[in-house]
Structure formats: C-alpha cells, structure tokens
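Colleague: Let me give you the structure first, and then I'll get to my questions.
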Amino acid sequence: MSHVQDRIIGDGERTGDRATHDVFNQPEAFGGYDLFSRDRALQAAVEREGAQWAAQRLGRFARELADPEIIRHGYLANRYVPELATHDNYGHRINEVHLHPSWHELMRLGRRHQVHSLPWTEPQAGSHVARAAMSVLMAQIESGTLCPLHMTYAGVPVLRNVPELSAQWEPLLTASGYDPRYRPGSEKSAALIGMAMTEKQGGSDLRANTTRARATAEPGVYELTGHKWFFSAPMVDCFLTVAQADDTPGRISCFLVPFWLPDGTRNSFSIMRLKDKLGNRSNPSSEIEYNGTLAWRVGDEGRGVRTIIDMVNLTRLGCAAISTGIIRQTLFRALHHTQQRAAFGTRLVDQPLMRNVLADLAVESEAATALTMRLAGSVDRADSDEDEKRFARVVTAITKYWLAKRASANAFESLECHGGFGYIEDSMMPRFYREAPVQSLWEGSGNVICLDVLRALDHDPDAFEPVFAEIEKAKGLDRHLDRTTQWLRRATSDRATIEPMARRVVEKFALALQASLLLRNSPDYVAQTFCSSRLGGDWGFAFGTLDPREDFGRIIERSWGE
C-alpha cells in the first residue's frame with residue numbers, strides 16, 4: 001500500500017498499520033450523577049435546618065438535572081445567547097428578546113419544581129431552606145435562568161405591600177407553569193418579575209437616581225422618565241424600579257412597571273441594547289429608557305430603598321446559593337475527571353499533590369454549603385424569632401460577600417485540575433468560571449456589601465450579637481476559632497475605626513461561622529482541617545497547601561459521595 005493510501009479515515013479507523021487517533025485515558029462524558037444523593041453535606045444541612053420533608057422532592061429534582069439532555073440545555077442556552085429585536089419590520093418598537101429553546105426548557109424545569117415560589121405556595125418550616133437547596137442544585141447545571149427565578153421569588157413579598165397589586169400578580173408569579181410572555185386577556189397564566197435599579201452615574205448608590213416619576217390623575221400611578229443602566233432579564237412580564245417622585249423631590253420611591261398595560265397595550269419604554277457580559281450569558285441584561293412609562297407605586301412615598309431591601313436580601317441569598325452550587329459542581333467535575341485520568345503512570349486522584357488540592361476544595365465546598373443552608377434557615381425562622389431576624393440581616397451580606405469571592409477561586413482551581421481539557425468550552429468549566437464573578441457584582445459589589453454589614457451597627461449597636469451567639473456555640477472546640485472570635489470582638493468594639501478594615505472583619509465573620517458549623521455538624525477530619533488551615537494560619541495562598549498530615553482520603557471520599 002502506498003504512503004498516500006496509508007492514512008487515517010476516521011476515529012481509530014485506518015487503511016494501514018498505524019492508528020493516530022485512538023482515544024484512551026480520557027474520562028467518560030459527565031452526566032447521570034444524582035447531585036443531591038451524592039452531596040452528603042447538603043443532605044445533612046437540609047435536615048438540620050428543618051427541611052427534611054423536602055428530601056424526596058429534592059432527589060427528584062436532582063435526578064432530572066442529571067439527565068445529559070438537561071446538561072446540554074445549559075450548554076446551548078449559553079452558547080446561543082439572547083438577541084434583541086427592537087422593532088418589527090414595519091418600524092414599530094416591540095422590545096422583544098429572543099432566547100434559545102434550551103433557555104425555555106430550563107425555565108419550565110425550574111418553575112415546575114417551584115424554585116421561584118416554594119415558600120409562598122407551600123409556607124411551612126424549612127420552605128426557604130428547601131428552595132435554597134434547589135437553587136444550589138440548579139446552579140450546578142445552569143445559573144443564568146436562576147436570575148429571573150430568584151427575582152420572582154424575591155419580588156412576591158415586596159408586592160404584598162400593595163394588596164391590589166399582589167392580588168393581581170402573585171397568582172401569576174407563583175404559578176408552576178411557564179409562559180414566555182404573559183399578556184392581560186390571554187390564556188397564559190404565569191409571569192416573571194425583574195429589577196431595574198441602577199443608573200450610569202450611581203451604580204449601587206440608588207440615591208444618586210435621576211429618573212423622575214410624575215403623578216397621573218389615577219391615584220398611585222405615575223409616568224416615568226429616565227434611563228436605567230442595568231435591567232436584569234428584560235423578557236420578564238413586570239419589574240420593580242426606583243425613581244424620584246415629583247411630590248417627594250430628593251427621595252426615592254419604588255414602582256412596579258408592567259410590560260403590558262391592563263388594557264392590553266404595550267407599555268412605553270425602550271430596550272436600548274443587551275449587555276455583552278463576561279458571564280451569565282444565557283440571561284439577558286439590558287439598558288432601557290423610560291419615556292412616559294406607566295408605573296404603580298409600591299410601598300410608601302420616599303421609602304423606595306426601604307421597600308426594595310426585602311427583595312435585595314432574598315436575591316442575595318440567591319447569590320449565595322448559586323455560589324455554593326458553582327463551588328460544589330466545579331469540585332465534583334474535578335473529582336470526576338481526576339478519577340479517570342492518569343499521568344505518569346498513576347491516576348491523578350491518587351497523586352499526593354492532587355489529593356491535597358482536591359481535599360482543600362472539598363473542605364471549602366462543605367463549609368460553603370453549611371453557611372448557605374444556615375442562612376436559609378434563619379430566613380425561615382425570621383418571622384417568629386427576633387434573634388434569627390437580626391442574624392439574617394447581617395449574615396445575608398456576610399455570606400453573599402464571602403461565598404461569591406470563594407466561588408471564583410474554587411472554579412479556577414477546579415478548572416486547572418482538568419488541565420487543558422478544562423480550558424475549552426466543551427468541558428463547561430470556563431462557563432462556571434465566568435459565572436462566578438456575577439455573584440460578587442449582582443446586588444452589591446464587595447465594598448458595598450461590607451459597608452452594609454457595618455451599617456447594621458448604626459441601627460442596632462448589638463447587631464452582631466446573634467452572629468457571635470452562633471459562633472460561640474462551638475466555643476472551646478477549637479483554639480483557632482476561639483482566638484478568631486476574640487479578634488472579632490475587639491475589631492467590632494469601635495464603630496468609628498472599623499470601616500477601613502471592613503473586608504477583613506466580614507471575612508473573619510464568615511470563616512468563624514463556617515468553622516462553628518463544621519465543628520458542630522461535620523466529621524472531625526473536615527472541621528479540624530478547615531480550622532487549622534483557614535483560621536490557624538497553616539495554609540498557603542493557593543489551594544493544595546494543606547498540612548500533609550490531614551486525612552485527604554476521607555475528605556475526598558466524603559465529597560465524592562458514593
């Protein structure tokens with residue numbers, strides 16, 4: 001046979017004696033894992049925080065998410081990003097956002113399992129915990145769809161400030177079905193809610209708002225004029241926004257803006273463009289202009305920030321849940337890869353240095369899960385327990401800040417565990433890596449969040465006491481935690497000097513809370529490893545720098561969950 005004829009025809013197929021593309025030493029395609037049953041830390045936290053009744057439904061949800069077709073929907077929804085159609089072919093402004101069919105399939109899945117509504121449709125002990133656990137699970141497949149689902153969940157209690165609006169919208173917002181666009185008078189019976197808060201000149205400083213609201217002849221109805229820099233999920237059916245009402249100059253009020261007006265006509269506002277974002281690409285974010293846009297006031301005049309803060313706190317819980325899901329899923333994919341990939345004659349997972357990295361990531365994941373679920377538990381109990389309400393007020397910001405920071409670091413290190421395979425889009429690891437920073441930016445970037453923690457002291461000098469009470473439940477169990485608690489007591493004793501070190505204080509609070517939770521609820525080999533590394537100073541600047549005497553094997557085995 002000639003040299004020309006001796007060529008590769010297909011994968012492993014040849015016409016001569018030499019094959020150049022036999023595939024071996026590569027992991028099987030990722031999929032089929034029950035993300036709930038394999039996550040011992042999440043199962044334990046769900047039970048501990050009062051949502052054991054939801055274990056079976058969480059298992060059903062996890063098994064659906066494990067379907068390779070659902071995983072592929074997550075890939076496609078981010079591969080084929082939303083497109084904006086500003087006008088129809090006759091020149092009429094239509095403000096339509098076109099999304100890939102995979103986006104709609106994921107939204108149907110999330111709404112069917114009540115990721116957007118469980119605490120409102122089934123209000124019982126542990127319902128916020130169960131819903132947060134669903135978010136942790138769904139974020140491991142696709143988290144862009146969680147943005148409108150979380151906003152819809154968080155918007156319901158805000159609308160309850162106006163019974164007439166709540167009666168109109170809550171049945172639509174909490175319905176388990178999914179319709180891409182609700183319109184009054186149509187047969188569609190489900191809706192989504194979004195947020196349009198920030199402006200170019202102000203960002204997180206909502207009081208720098210310049211949008212104006214002029215009262216109409218109808219009580220509680222206003223016309224808006226202005227520009228919003230970020231409008232999350234412009235394909236929603238209604239959204240909350242803030243503006244300065246002419247009758248309360250210099251003070252911000254909150255308003256509900258419907259896409260369609262009650263008479264079935266289109267409301268007057270313009271979607272100017274979709275943002276070309278680093279991550280969260282399946283979920284459209286936009287820039288809009290109000291030009292005589294009709295809006296209904298929600299809450300008291302001039303109390304817009306106070307009105308919207310309840311929604312913000314619940315969406316911050318959503319940020320923590322997504323971060324936890326990213327931390328867990330990127331670790332789990334690293335475990336999947338390293339158990340099936342060999343180098344230098346040994347499986348990666350059996351190599352001592354890789355075991356150090358994986359164990360370090362696993363400890364971080366269990367700590368994130370414990371903290372997020374504890375926060376969700378406090379939200380559940382806040383209505384009946386004043387200390388839990390005060391705990392949630394402070395710890396929501398602490399948790400959101402810290403876990404969002406850790407998600408980026410975890411995603412990057414887990415990506416590196418895959419080698420070059422993790423750097424290509426088909427592995428999906430780059431998507432998780434790009435998704436992580438969104439959680440830091442959404443609902444307040446790092447400095448805003450840390451200052452929010454300190455502002456709690458301005459309203460309540462004892463605001464940190466419920467947090468200390470939780471930390472000190474593990475008093476005496478670990479010397480590193482006891483020393484950190486003493487440091488926090490000193491650092492927070494003088495409000496006047498604390499601001500420049502706010503990030504350090506918030507970080508220490510997060511670590512101390514995680515340490516206390518792990519010491520009381522996780523195996524010693526997890527808790528002691530966390531405390532000695534994160535609090536004891538026996539840790540480097542990167543993952544994989546644990547003391548080699550730690551029990552890497554049991555930590556990895558627990559995280560793998562077989």
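By convention here, the chains of the structure tokens are called A, B, ... in the order presented, each chain's residues are numbered starting at 1, and ligands are numbered starting at 1 in the order presented.
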Can you list, as a ChimeraX atom specification, every residue of range 102-334 of chain A that DSSP puts in alpha helix (DSSP H)?

Modeller: /A:102-112,118-121,127-139,146-159,163-174,304-334

Colleague: Report as a PyMOL selection string all protein, DNA and RNA residues lying within 12 Å of Arg347 in chain A, evaluated on only C-alpha atoms, omitting residues in the same chain fewer than 2 positions from it.

Modeller: chain A and resi 25-27+335-345+349-355

Colleague: For those residues, write C-alpha atoms to a file as a compact mmCIF listing (two decimals), in the first residue's frame.

Modeller:
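Saved as selection.txt:
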```txt
# COMPACT_ATOMS: atom_id res chain seq x y z
CA ASN A 25 -7.03 7.86 29.08
CA GLN A 26 -9.98 10.24 28.85
CA PRO A 27 -12.90 10.40 31.31
CA LEU A 335 -13.28 14.63 41.09
CA HIS A 336 -14.95 13.02 38.07
CA HIS A 337 -12.00 13.94 35.86
CA THR A 338 -9.13 13.07 38.17
CA GLN A 339 -10.51 9.63 38.99
CA GLN A 340 -10.46 8.63 35.31
CA ARG A 341 -7.38 10.44 34.04
CA ALA A 342 -3.84 9.13 34.57
CA ALA A 343 -0.48 10.86 34.26
CA PHE A 344 3.00 9.47 34.80
CA GLY A 345 1.52 6.02 35.35
CA VAL A 349 -6.68 11.41 42.16
CA ASP A 350 -4.05 9.09 43.67
CA GLN A 351 -1.18 11.55 43.34
CA PRO A 352 -0.33 13.17 46.69
CA LEU A 353 -0.24 16.76 45.50
CA MET A 354 -3.50 16.47 43.58
CA ARG A 355 -5.10 14.88 46.64
```

Colleague: Restrict the calculation to only C-alpha atoms, then for each residue of range 379-414 of chain A with any atom at most 12 Å from an atom of range 506-518 of chain A give the closest atom pair and their distance in Å to one decimal, rows by chain and rising residue number, as JSON lines.

Modeller:
```
{"residue": "A:Phe391", "atom": "CA", "partner": "A:Leu513", "partner_atom": "CA", "distance": 11.4}
{"residue": "A:Val394", "atom": "CA", "partner": "A:Val506", "partner_atom": "CA", "distance": 9.8}
{"residue": "A:Val395", "atom": "CA", "partner": "A:Ala510", "partner_atom": "CA", "distance": 8.2}
{"residue": "A:Thr396", "atom": "CA", "partner": "A:Ala510", "partner_atom": "CA", "distance": 10.4}
{"residue": "A:Ala397", "atom": "CA", "partner": "A:Val506", "partner_atom": "CA", "distance": 8.7}
{"residue": "A:Ile398", "atom": "CA", "partner": "A:Val506", "partner_atom": "CA", "distance": 5.8}
{"residue": "A:Thr399", "atom": "CA", "partner": "A:Ala510", "partner_atom": "CA", "distance": 6.5}
{"residue": "A:Lys400", "atom": "CA", "partner": "A:Ala510", "partner_atom": "CA", "distance": 9.7}
{"residue": "A:Tyr401", "atom": "CA", "partner": "A:Val506", "partner_atom": "CA", "distance": 8.0}
{"residue": "A:Trp402", "atom": "CA", "partner": "A:Glu507", "partner_atom": "CA", "distance": 6.3}
{"residue": "A:Leu403", "atom": "CA", "partner": "A:Ala510", "partner_atom": "CA", "distance": 8.7}
{"residue": "A:Ala404", "atom": "CA", "partner": "A:Glu507", "partner_atom": "CA", "distance": 11.6}
{"residue": "A:Lys405", "atom": "CA", "partner": "A:Glu507", "partner_atom": "CA", "distance": 9.9}
{"residue": "A:Arg406", "atom": "CA", "partner": "A:Glu507", "partner_atom": "CA", "distance": 10.6}
```

Colleague: Do a neighbour search on range 100-103 of chain A at 12 Å with only C-alpha atoms, toss out local chain neighbours closer than 6 positions, and write the hits as a PyMOL selection string.

Modeller: chain A and resi 69-83+109-110+141-146+148+178+180+235+281-284

Colleague: Neighbours of range 113-126 of chain A within 10 Å (only C-alpha atoms; same-chain residues fewer than 3 positions away dropped), as number ranges by chain?

Modeller: A: 46-54, 57-58, 60-61, 107-110, 129-135, 138, 146-157, 170-171, 173-177, 192, 376-381
